[in-house]
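**Student:** coords01.txt (compact mmCIF, C-alpha atoms) pasted underneath:
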# COMPACT_ATOMS: atom_id res chain seq x y z
CA MET A 1 -44.88 -24.98 18.70
CA ALA A 2 -42.19 -27.61 18.13
CA GLY A 3 -42.12 -30.71 20.29
CA VAL A 4 -45.74 -30.58 21.51
CA THR A 5 -48.63 -32.92 20.86
CA PRO A 6 -51.36 -32.01 18.34
CA GLU A 7 -53.78 -31.64 21.24
CA VAL A 8 -51.59 -29.05 22.97
CA ALA A 9 -51.01 -27.19 19.71
CA GLU A 10 -54.74 -27.03 19.09
CA PHE A 11 -55.41 -25.82 22.63
CA MET A 12 -52.88 -23.01 22.23
CA LYS A 13 -54.93 -21.76 19.28
CA SER A 14 -58.22 -21.93 21.18
CA GLN A 15 -60.40 -18.92 21.88
CA ILE A 16 -59.83 -19.00 25.62
CA VAL A 17 -56.04 -18.81 25.16
CA THR A 18 -56.08 -16.08 22.51
CA ASP A 19 -58.59 -14.03 24.51
CA PHE A 20 -56.45 -14.27 27.64
CA THR A 21 -53.34 -13.24 25.71
CA LYS A 22 -55.12 -10.12 24.46
CA GLU A 23 -56.55 -9.39 27.88
CA ILE A 24 -53.22 -9.34 29.74
CA ALA A 25 -51.53 -7.31 26.98
CA GLN A 26 -53.47 -4.19 28.07
CA TYR A 27 -51.57 -4.37 31.37
CA ASN A 28 -48.20 -4.70 29.62
CA LEU A 29 -47.98 -8.37 30.48
CA GLY A 30 -46.91 -11.18 28.15
CA PRO A 31 -47.55 -14.94 27.92
CA LEU A 32 -44.28 -16.85 28.17
CA TRP A 33 -46.01 -20.06 27.14
CA GLU A 34 -46.60 -18.52 23.72
CA ALA A 35 -43.44 -16.42 23.46
CA ILE A 36 -40.84 -19.00 24.40
CA PRO A 37 -40.72 -20.88 21.06
CA GLU A 38 -39.86 -17.64 19.24
CA ILE A 39 -37.54 -15.92 21.72
CA MET A 40 -35.62 -19.00 22.93
CA ASN A 41 -34.67 -20.68 19.67
CA LYS A 42 -32.86 -24.00 19.56
CA THR A 43 -30.19 -22.34 17.40
CA PRO A 44 -29.53 -18.64 16.62
CA LYS A 45 -32.03 -17.02 14.24
CA PRO A 46 -30.66 -13.51 13.64
CA HIS A 47 -32.78 -10.83 12.01
CA ALA A 48 -29.69 -9.60 10.18
CA GLU A 49 -29.48 -10.65 6.53
CA ALA A 50 -26.53 -11.44 4.30
CA TYR A 51 -25.91 -8.44 2.04
CA LEU A 52 -23.26 -6.85 -0.18
CA TRP A 53 -22.56 -3.17 -0.93
CA SER A 54 -20.62 -2.63 -4.16
CA LYS A 55 -17.64 -0.34 -4.67
CA GLU A 56 -19.58 1.38 -7.46
CA LEU A 57 -22.42 2.24 -5.07
CA ILE A 58 -20.05 3.44 -2.35
CA ASP A 59 -17.99 5.60 -4.73
CA LYS A 60 -21.10 7.20 -6.22
CA LYS A 61 -22.79 8.03 -2.91
CA MET A 62 -19.61 9.22 -1.20
CA ALA A 63 -18.91 11.56 -4.12
CA GLU A 64 -22.44 12.94 -3.80
CA ALA A 65 -22.04 13.29 -0.04
CA ALA A 66 -18.81 15.24 -0.55
CA GLU A 67 -20.78 17.83 -2.53
CA ILE A 68 -23.28 18.26 0.29
CA PHE A 69 -21.63 17.66 3.66
CA THR A 70 -18.42 18.78 5.33
CA PRO A 71 -17.25 17.84 8.85
CA ASP A 72 -18.07 21.35 10.09
CA ARG A 73 -21.43 21.59 8.30
CA GLY A 74 -24.14 19.04 8.90
CA GLY A 75 -22.36 16.52 11.09
CA GLU A 76 -19.02 15.70 12.70
CA ARG A 77 -18.09 12.97 10.23
CA ARG A 78 -18.77 12.42 6.53
CA ALA A 79 -19.63 8.77 6.94
CA ILE A 80 -22.20 6.51 5.30
CA TYR A 81 -22.95 3.37 7.27
CA PHE A 82 -24.06 -0.03 6.02
CA GLN A 83 -27.62 -0.58 7.18
CA ASN A 84 -28.59 -4.22 7.31
CA PRO A 85 -31.97 -4.60 5.55
CA GLY A 86 -33.16 -7.08 8.15
CA LEU A 87 -32.66 -4.63 11.01
CA THR A 88 -34.36 -1.49 9.69
CA TYR A 89 -37.22 -2.04 12.16
CA ARG A 90 -34.90 -0.98 14.98
CA LYS A 91 -35.77 2.59 15.99
CA PRO A 92 -34.12 5.03 15.68
CA TRP A 93 -32.10 4.67 12.47
CA GLY A 94 -32.01 0.88 12.57
CA TRP A 95 -29.51 1.41 15.41
CA ALA A 96 -27.02 1.85 12.53
CA SER A 97 -26.71 -1.94 12.53
CA THR A 98 -24.66 -3.76 9.89
CA SER A 99 -25.03 -6.98 11.88
CA GLN A 100 -26.87 -7.67 15.14
CA THR A 101 -24.00 -6.10 17.09
CA ILE A 102 -21.67 -4.28 14.65
CA TYR A 103 -21.80 -0.85 13.01
CA ALA A 104 -19.67 -0.46 9.87
CA ALA A 105 -19.32 2.55 7.60
CA VAL A 106 -17.17 4.27 5.00
CA GLN A 107 -15.76 7.67 5.93
CA MET A 108 -14.24 10.22 3.55
CA LEU A 109 -11.91 13.09 4.40
CA LEU A 110 -10.93 15.57 1.70
CA PRO A 111 -7.62 17.49 1.54
CA GLY A 112 -7.57 20.36 4.01
CA GLU A 113 -10.53 19.11 6.03
CA LYS A 114 -10.63 18.64 9.78
CA ALA A 115 -13.00 16.38 11.66
CA PRO A 116 -13.33 17.70 15.25
CA SER A 117 -12.29 15.62 18.22
CA HIS A 118 -14.86 13.83 20.36
CA ARG A 119 -15.06 10.80 22.60
CA HIS A 120 -17.67 8.17 23.34
CA SER A 121 -18.34 4.95 25.19
CA GLN A 122 -18.25 2.95 21.96
CA SER A 123 -14.96 1.34 20.95
CA ALA A 124 -13.89 2.20 17.39
CA LEU A 125 -11.53 0.92 14.74
CA ARG A 126 -10.71 1.84 11.16
CA PHE A 127 -9.11 0.21 8.13
CA ILE A 128 -7.62 2.51 5.49
CA SER A 129 -8.86 1.54 2.04
CA LYS A 130 -7.60 4.45 -0.08
CA GLY A 131 -5.24 7.41 0.13
CA THR A 132 -2.51 8.85 2.28
CA GLY A 133 -1.66 12.11 4.03
CA ALA A 134 -4.33 12.19 6.74
CA TYR A 135 -3.86 11.55 10.42
CA THR A 136 -6.08 10.68 13.34
CA ILE A 137 -5.15 12.25 16.65
CA VAL A 138 -5.93 10.06 19.67
CA GLN A 139 -5.29 11.42 23.16
CA GLY A 140 -2.78 13.89 21.74
CA GLU A 141 -0.95 11.44 19.46
CA ARG A 142 -1.04 12.15 15.72
CA ILE A 143 -1.15 8.83 13.87
CA PHE A 144 -0.59 9.15 10.14
CA MET A 145 -2.59 6.70 8.07
CA GLU A 146 -1.74 4.86 4.86
CA GLU A 147 -3.60 2.39 2.67
CA GLY A 148 -3.88 -1.03 4.30
CA ASP A 149 -3.27 0.23 7.85
CA PHE A 150 -5.49 -0.92 10.70
CA LEU A 151 -6.07 1.48 13.61
CA THR A 152 -7.88 1.05 16.88
CA THR A 153 -9.44 3.82 18.97
CA PRO A 154 -10.46 2.50 22.40
CA LYS A 155 -13.57 3.82 24.11
CA ASN A 156 -13.61 7.16 25.92
CA LEU A 157 -10.44 8.52 24.26
CA TRP A 158 -10.44 11.87 22.48
CA HIS A 159 -9.99 11.45 18.73
CA GLY A 160 -10.31 13.55 15.58
CA HIS A 161 -8.88 13.69 12.06
CA GLU A 162 -7.12 16.10 9.70
CA HIS A 163 -6.09 15.65 6.05
CA LEU A 164 -2.76 17.23 5.08
CA GLY A 165 -2.47 15.38 1.76
CA THR A 166 -3.67 16.12 -1.76
CA GLU A 167 -6.13 13.31 -2.62
CA PRO A 168 -9.34 12.13 -0.92
CA MET A 169 -8.94 9.50 1.78
CA LEU A 170 -11.43 6.75 2.49
CA TRP A 171 -11.50 4.24 5.28
CA MET A 172 -13.78 1.72 6.92
CA ASP A 173 -15.07 2.52 10.40
CA ALA A 174 -16.42 -0.15 12.73
CA LEU A 175 -17.87 0.34 16.20
CA ASP A 176 -19.98 -1.57 18.71
CA ILE A 177 -22.80 1.02 18.43
CA PRO A 178 -25.72 -1.47 18.22
CA THR A 179 -24.42 -3.41 21.22
CA LEU A 180 -24.07 -0.39 23.47
CA TYR A 181 -27.34 1.13 22.30
CA SER A 182 -29.20 -2.09 23.09
CA ILE A 183 -27.89 -2.23 26.67
CA GLY A 184 -28.26 1.50 27.35
CA GLY A 185 -24.56 2.29 27.68
CA THR A 186 -24.14 5.17 25.22
CA PHE A 187 -22.21 8.31 26.20
CA PHE A 188 -20.86 10.98 23.81
CA GLU A 189 -18.90 14.19 24.40
CA PRO A 190 -17.59 16.74 21.87
CA TYR A 191 -14.17 18.32 22.35
CA GLU A 192 -14.65 21.99 23.23
CA ASP A 193 -11.70 23.31 21.19
CA GLY A 194 -12.40 21.51 17.90
CA LEU A 195 -9.48 19.30 16.90
CA GLN A 196 -7.23 18.25 19.77
CA GLN A 197 -3.60 19.38 19.49
CA PRO A 198 -0.58 17.03 19.70
CA GLY A 199 0.87 16.22 23.10
CA VAL A 200 3.41 13.53 22.16
CA PRO A 201 5.59 12.90 19.08
CA ASP A 202 3.83 11.80 15.88
CA ASN A 203 3.27 8.04 15.52
CA PHE A 204 4.46 7.66 19.10
CA SER A 205 3.06 4.19 19.75
CA GLU A 206 4.21 2.89 16.37
CA GLN A 207 7.77 3.97 17.14
CA ARG A 208 7.66 2.31 20.56
CA TYR A 209 6.55 -0.96 18.97
CA ARG A 210 8.96 -0.90 16.03
CA GLY A 211 10.25 -4.25 17.23
CA GLY A 212 6.92 -5.89 16.44
CA MET A 213 6.01 -8.34 19.19
CA ILE A 214 8.91 -7.20 21.35
CA ARG A 215 7.02 -5.36 24.10
CA PRO A 216 8.49 -2.30 25.80
CA VAL A 217 9.18 -2.93 29.48
CA GLY A 218 6.31 -1.56 31.58
CA ASP A 219 3.59 -2.06 28.99
CA ASP A 220 2.36 -5.29 30.56
CA LYS A 221 -0.05 -3.25 32.70
CA PHE A 222 -1.90 -1.73 29.71
CA THR A 223 -5.58 -2.58 29.47
CA VAL A 224 -6.08 -0.14 26.59
CA ALA A 225 -4.26 -1.20 23.42
CA PRO A 226 -0.86 0.56 23.52
CA LEU A 227 -0.35 0.18 19.75
CA ALA A 228 -2.58 2.52 17.75
CA ASN A 229 -1.59 1.62 14.17
CA TYR A 230 -0.92 -1.80 12.66
CA LYS A 231 0.97 -1.17 9.41
CA TRP A 232 0.07 -2.95 6.19
CA ASP A 233 3.58 -4.14 5.34
CA ARG A 234 3.95 -5.88 8.70
CA THR A 235 0.57 -7.54 8.28
CA VAL A 236 1.64 -8.85 4.86
CA ASP A 237 4.95 -10.09 6.30
CA GLY A 238 3.03 -12.07 8.91
CA ILE A 239 0.84 -13.64 6.25
CA LYS A 240 3.85 -14.51 4.08
CA GLY A 241 5.28 -16.42 7.02
CA LEU A 242 2.11 -18.52 7.19
CA MET A 243 2.32 -19.29 3.49
CA ALA A 244 5.25 -21.62 4.13
CA PHE A 245 2.66 -24.00 5.57
CA ASP A 246 -0.71 -25.41 4.53
CA PRO A 247 -3.60 -22.94 4.63
CA ASP A 248 -6.44 -23.23 7.09
CA PRO A 249 -9.26 -25.01 5.20
CA HIS A 250 -11.85 -22.48 6.38
CA HIS A 251 -9.85 -19.24 6.47
CA GLY A 252 -6.89 -19.55 4.12
CA PHE A 253 -3.86 -17.64 5.41
CA ALA A 254 -5.34 -15.46 8.15
CA VAL A 255 -3.99 -13.36 10.99
CA GLU A 256 -5.69 -11.58 13.89
CA TYR A 257 -4.87 -8.08 15.12
CA ILE A 258 -4.12 -8.31 18.85
CA ASN A 259 -3.30 -6.13 21.83
CA PRO A 260 0.44 -6.74 22.39
CA SER A 261 0.04 -6.23 26.14
CA THR A 262 -2.68 -8.80 26.71
CA GLY A 263 -2.64 -11.09 23.67
CA LYS A 264 -6.39 -10.52 23.30
CA SER A 265 -8.14 -8.76 20.42
CA ALA A 266 -6.82 -5.28 19.62
CA ASN A 267 -10.30 -3.88 20.21
CA PRO A 268 -11.97 -5.11 23.44
CA THR A 269 -15.40 -5.73 21.89
CA LEU A 270 -14.65 -6.34 18.21
CA GLY A 271 -12.27 -8.84 16.64
CA THR A 272 -10.33 -8.01 13.47
CA ARG A 273 -8.59 -10.19 10.90
CA MET A 274 -6.78 -10.03 7.59
CA GLN A 275 -6.92 -13.13 5.43
CA HIS A 276 -5.16 -13.91 2.20
CA LEU A 277 -6.82 -16.21 -0.33
CA PRO A 278 -4.51 -17.14 -3.21
CA ALA A 279 -6.08 -17.32 -6.67
CA GLY A 280 -8.18 -20.46 -6.99
CA MET A 281 -8.48 -21.15 -3.28
CA HIS A 282 -11.92 -22.36 -2.18
CA THR A 283 -12.44 -22.53 1.58
CA LYS A 284 -14.74 -25.07 3.18
CA ALA A 285 -18.07 -23.93 4.59
CA LEU A 286 -18.42 -22.99 8.24
CA ARG A 287 -20.94 -21.36 10.53
CA HIS A 288 -20.53 -19.88 13.98
CA THR A 289 -22.26 -17.80 16.62
CA HIS A 290 -20.42 -14.59 15.78
CA SER A 291 -21.20 -12.33 12.84
CA THR A 292 -18.64 -10.86 10.43
CA VAL A 293 -18.43 -7.76 8.25
CA TYR A 294 -15.95 -8.09 5.36
CA HIS A 295 -14.13 -5.52 3.24
CA ALA A 296 -12.53 -6.82 0.07
CA HIS A 297 -9.24 -4.94 0.15
CA LYS A 298 -7.59 -6.57 -2.86
CA GLY A 299 -8.57 -9.13 -5.49
CA GLU A 300 -11.90 -10.62 -6.44
CA GLY A 301 -13.93 -13.74 -5.91
CA TYR A 302 -17.20 -14.78 -4.36
CA THR A 303 -18.65 -15.93 -1.05
CA VAL A 304 -21.54 -18.37 -0.73
CA ILE A 305 -23.78 -17.51 2.24
CA ASN A 306 -26.60 -19.95 3.01
CA GLY A 307 -26.59 -21.07 -0.61
CA VAL A 308 -26.55 -17.58 -2.15
CA ARG A 309 -23.52 -16.51 -4.19
CA PHE A 310 -22.17 -13.00 -3.47
CA ASP A 311 -19.59 -11.90 -6.05
CA TRP A 312 -17.09 -9.40 -4.66
CA LYS A 313 -14.06 -7.44 -5.79
CA ALA A 314 -11.73 -4.86 -4.28
CA GLY A 315 -13.70 -2.07 -2.61
CA ASP A 316 -16.82 -4.10 -1.83
CA TYR A 317 -18.28 -4.74 1.63
CA PHE A 318 -20.46 -7.64 2.71
CA VAL A 319 -21.89 -9.10 5.92
CA VAL A 320 -22.18 -12.71 7.06
CA PRO A 321 -24.84 -12.96 9.82
CA ASN A 322 -24.27 -15.19 12.81
CA TRP A 323 -25.00 -18.91 12.37
CA ALA A 324 -25.00 -18.58 8.57
CA TRP A 325 -23.11 -21.08 6.41
CA TYR A 326 -20.40 -19.38 4.35
CA GLU A 327 -17.38 -20.19 2.20
CA HIS A 328 -15.01 -18.11 0.04
CA LYS A 329 -13.64 -18.68 -3.47
CA ALA A 330 -10.88 -16.37 -4.75
CA THR A 331 -10.55 -15.97 -8.51
CA THR A 332 -7.46 -13.75 -8.14
CA ASP A 333 -5.01 -13.26 -5.26
CA SER A 334 -7.20 -11.62 -2.63
CA TYR A 335 -7.05 -9.98 0.77
CA LEU A 336 -10.16 -9.73 2.95
CA PHE A 337 -10.22 -7.49 6.02
CA SER A 338 -12.94 -8.44 8.48
CA VAL A 339 -14.54 -7.31 11.73
CA ASN A 340 -16.33 -9.76 14.02
CA ASP A 341 -18.04 -9.82 17.40
CA ILE A 342 -16.15 -12.79 18.83
CA PRO A 343 -15.07 -10.81 21.93
CA ILE A 344 -18.74 -10.14 22.74
CA MET A 345 -19.70 -13.78 22.24
CA ASP A 346 -16.72 -14.93 24.30
CA ARG A 347 -17.70 -12.70 27.22
CA PHE A 348 -21.08 -14.43 27.35
CA GLU A 349 -19.51 -17.85 26.63
CA LEU A 350 -21.76 -18.19 23.58
CA GLU A 351 -19.27 -18.82 20.79
CA GLN A 352 -19.89 -22.06 18.92
CA GLU A 353 -18.64 -23.25 15.55
CA GLN A 354 -19.74 -25.95 13.12
CA ALA A 355 -18.13 -27.20 9.90
CA HIS A 356 -20.17 -28.24 6.88
CA ASP A 357 -19.76 -32.02 6.72
CA SER A 358 -21.31 -32.90 3.36
CA ASN A 359 -20.37 -32.34 -0.31
CA ASN A 360 -16.69 -32.12 0.65
CA GLY A 361 -17.45 -29.10 2.80
CA HIS A 362 -19.17 -27.01 0.14
CA GLN A 363 -22.71 -25.68 -0.23
CA GLU A 364 -25.00 -25.97 -3.20
CA ILE A 365 -25.46 -22.59 -4.87
CA ILE A 366 -29.19 -21.93 -5.25
CA SER A 367 -29.18 -18.24 -6.28
CA GLU A 368 -26.98 -15.19 -6.83
CA PHE A 369 -27.09 -11.78 -5.14
CA LYS A 370 -27.33 -8.76 -7.44
CA ALA A 371 -25.46 -5.75 -6.04
CA ALA A 372 -26.70 -2.21 -6.64
CA PHE A 373 -24.86 -0.14 -9.30
CA ARG A 374 -22.85 -3.08 -10.60
Please express what this file holds, its structure, as structure tokens.

**Tutor:**
Amino acid sequence: MAGVTPEVAEFMKSQIVTDFTKEIAQYNLGPLWEAIPEIMNKTPKPHAEAYLWSKELIDKKMAEAAEIFTPDRGGERRAIYFQNPGLTYRKPWGWASTSQTIYAAVQMLLPGEKAPSHRHSQSALRFISKGTGAYTIVQGERIFMEEGDFLTTPKNLWHGHEHLGTEPMLWMDALDIPTLYSIGGTFFEPYEDGLQQPGVPDNFSEQRYRGGMIRPVGDDKFTVAPLANYKWDRTVDGIKGLMAFDPDPHHGFAVEYINPSTGKSANPTLGTRMQHLPAGMHTKALRHTHSTVYHAHKGEGYTVINGVRFDWKAGDYFVVPNWAWYEHKATTDSYLFSVNDIPIMDRFELEQEQAHDSNNGHQEIISEFKAAFR
């Protein structure tokens, strides 16, 4: 126990204390005097670990999954999620936890396939990493998806997918599954008639917000994000505007996807960003209360997390646990899409941030992570 005298530490190890701890355990009682140093840490000590999943691994396992599973045989979605190795003890299924609070996965839809509509209490989002020709239908609106698009699907809305194109489509899914599972707030309902049919014109919300941040009159009352699809070309235009100025030393040229009605994050429980790191840029190290799951959309480079170097390139995914030091170095022009749990931390007023103040803001690299199938 930190901060106690040697006499107290010795007493806590004594037979009378250990016997009493065992004795009350049979009545489902616990000793706070022993538990408090481990459950009320001075700083966050997440069980989640830094980890990277390579494009080669993802491509191989998704191809194998496509031979076995279809949306109408063996599950509603052909999705493989990123299980954090430090959270496998969570039962069942590690709570599908990529970080303490975030679920992230890769989903594949093949030409001609339909994924039936359903709804749930978890908020969802997706980032399109490959392909074109598929749509997601949300509350009767067909939203056609292209590479680089970001889409949000708020909680409790009907949504399903269909692929009308000719090549496989892959995208990143992220949801607040671990958060809702931990607090007992999970609800799920399948749509009785399979895939919901359109009720409004295709890409309805995108057309209404063609003016960008010019908000249609009347939309100020929206609590659910009124814009379903954030197009890649507009995201890039926003980043190009930032490039007329100096980059942020910790994030490069970064933008956040927001709800145009409220100015808050596009997803109510998960934050989302796109950051551009020009070739050669090396950000300064930072740590914060929130965790982040990254998808390398374009380029290549590496990220140092608590002294471990994680080399990444387009198609890779990696996780930075909360309160872990991290910094990025781009070896080519790169774009990183990321999902964080800042909205959750903000709701509990827990978000804190600290910059690395030695070695000009950079960590010493002590080891390198070896990704599977690379």

**Student:** Using all atoms listed in the file, what table do you get, as a Markdown table, when you list each residue of range 171-202 of chain A with an atom no more than 9 Å from range 329-351 of chain A, its nearest pair of atoms, and their distance in Å rounded to one decimal, rows by chain then rising number?

**Tutor:**
| residue | atom | partner | partner_atom | distance |
| --- | --- | --- | --- | --- |
| A:Ala174 | CA | A:Val339 | CA | 7.5 |
| A:Asp176 | CA | A:Asp341 | CA | 8.6 |
| A:Thr179 | CA | A:Ile344 | CA | 8.9 |

**Student:** Have a look at A:Phe204, A:Asp246, A:His297, A:Leu286 and name the one nearest to Asp357 in chain A; count all atoms listed in the file.

**Tutor:**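 Of the candidates, the smallest distance to Asp357 in chain A is held by A:Leu286.
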
**Student:** Could the residues of range 159-260 of chain A that have an atom at most 9 Å from range 91-101 of chain A be listed as CSV, each with its closest atom pair and the distance in Å to one decimal, counting all atoms listed in the file and ordered by chain and ascending residue number?

**Tutor:**
residue,atom,partner,partner_atom,distance
A:Leu175,CA,A:Thr101,CA,8.9
A:Asp176,CA,A:Thr101,CA,6.3
A:Ile177,CA,A:Ala96,CA,7.3
A:Pro178,CA,A:Thr101,CA,5.1
A:Thr179,CA,A:Thr101,CA,4.9
A:Leu180,CA,A:Thr101,CA,8.6
A:Tyr181,CA,A:Trp95,CA,7.2
A:Ser182,CA,A:Trp95,CA,8.4

**Student:** Would you kindly identify which residues have an atom no farther than 7 Å from (-25.8, -14.7, 11.7), using all atoms listed in the file and the file's own coordinates, and write them out as a PyMOL selection string?

**Tutor:** chain A and resi 46+48+289-291+320-324

**Student:** Just C-alpha atoms for this one: save the residues we selected as a PDB file, keeping the file's coordinate frame.

**Tutor:**
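Once written, result_2.pdb looks like this:
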ATOM      1  CA  PRO A  46     -30.660 -13.510  13.640  1.00  0.00           C
ATOM      2  CA  ALA A  48     -29.690  -9.600  10.180  1.00  0.00           C
ATOM      3  CA  THR A 289     -22.260 -17.800  16.620  1.00  0.00           C
ATOM      4  CA  HIS A 290     -20.420 -14.590  15.780  1.00  0.00           C
ATOM      5  CA  SER A 291     -21.200 -12.330  12.840  1.00  0.00           C
ATOM      6  CA  VAL A 320     -22.180 -12.710   7.060  1.00  0.00           C
ATOM      7  CA  PRO A 321     -24.840 -12.960   9.820  1.00  0.00           C
ATOM      8  CA  ASN A 322     -24.270 -15.190  12.810  1.00  0.00           C
ATOM      9  CA  TRP A 323     -25.000 -18.910  12.370  1.00  0.00           C
ATOM     10  CA  ALA A 324     -25.000 -18.580   8.570  1.00  0.00           C
TER      11      ALA A 324
END

**Student:** Between CA of Arg374 in chain A and CA of Leu110 in chain A, what is the distance in Å, rounded to a tenth?

**Tutor:**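 Taking CA of Arg374 in chain A as the start and CA of Leu110 in chain A as the end point, the length is 25.3 Å.
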
**Student:** Nearest residue to Thr153 in chain A out of A:Pro216, A:Gly299, A:Pro226, A:Pro278, using only C-alpha atoms?

**Tutor:**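 Among the listed residues, the smallest separation from Thr153 in chain A belongs to A:Pro226.
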
**Student:** Could you check how far CA of Gly271 in chain A sits from CA of Trp158 in chain A, in Å to one decimal?

**Tutor:**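 Answer for the CA of Gly271 in chain A to CA of Trp158 in chain A separation: 21.6 Å.
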
**Student:** Which is closer to His250 in chain A than all the others in A:Asp219, A:Asp311, A:Glu353, A:Asp233, using all atoms listed in the file?

**Tutor:**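 Closest to His250 in chain A, using all atoms listed in the file: A:Glu353.
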
**Student:** Give me, as a list in words, all polymer residues having an atom no more than 12 Å from Arg234 in chain A, counting only C-alpha atoms and skipping those fewer than 3 positions away in the same chain.

**Tutor:** Gly148, Asp149, Phe150, Glu206, Tyr209, Arg210, Gly211, Gly212, Met213, Asn229, Tyr230, Lys231, Asp237, Gly238, Ile239, Lys240, Gly241, Val255, Tyr257 and Met274 of chain A

**Student:** Under the rule that all atoms listed in the file are counted, which of A:Gln83, A:Ser121, A:Tyr27, A:Ile137 is the nearest residue to Gly184 in chain A?

**Tutor:**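 Closest residue, counting all atoms listed in the file: A:Ser121.
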
**Student:** Find the residue from A:Val224, A:Gln15, A:Phe245, A:Asp316 that sits nearest to Ser54 in chain A; use all atoms listed in the file when measuring.

**Tutor:**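 Ranking A:Val224, A:Gln15, A:Phe245, A:Asp316 by distance to Ser54 in chain A, first place goes to A:Asp316.
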
**Student:** Distance CA of Arg208 in chain A-CA of Gln139 in chain A, one decimal place?

**Tutor:**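 Calculated distance between CA of Arg208 in chain A and CA of Gln139 in chain A is 16.0 Å.
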
**Student:** What's the 12 Å shell around range 55-70 of chain A, counting all atoms listed in the file, without same-chain residues fewer than 2 positions away, as a ChimeraX atom specification?

**Tutor:** /A:52-53,72-82,105-116,129-130,168-172,295-298,300,311-318,371-374

**Student:** Identify which of the residues A:Thr136, A:Thr235, A:Gln26, A:Gln363 lies closest to Asn203 in chain A, counting only C-alpha atoms when measuring atom-to-atom distances.

**Tutor:**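 Smallest distance to Asn203 in chain A is found for A:Thr136.
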
**Student:** Would you mind listing what lies within 7 Å of Arg119 in chain A as a VMD selection string, with only C-alpha atoms counted and same-chain residues fewer than 2 positions away left out?

**Tutor:** chain A and resid 156 to 159 188 to 190
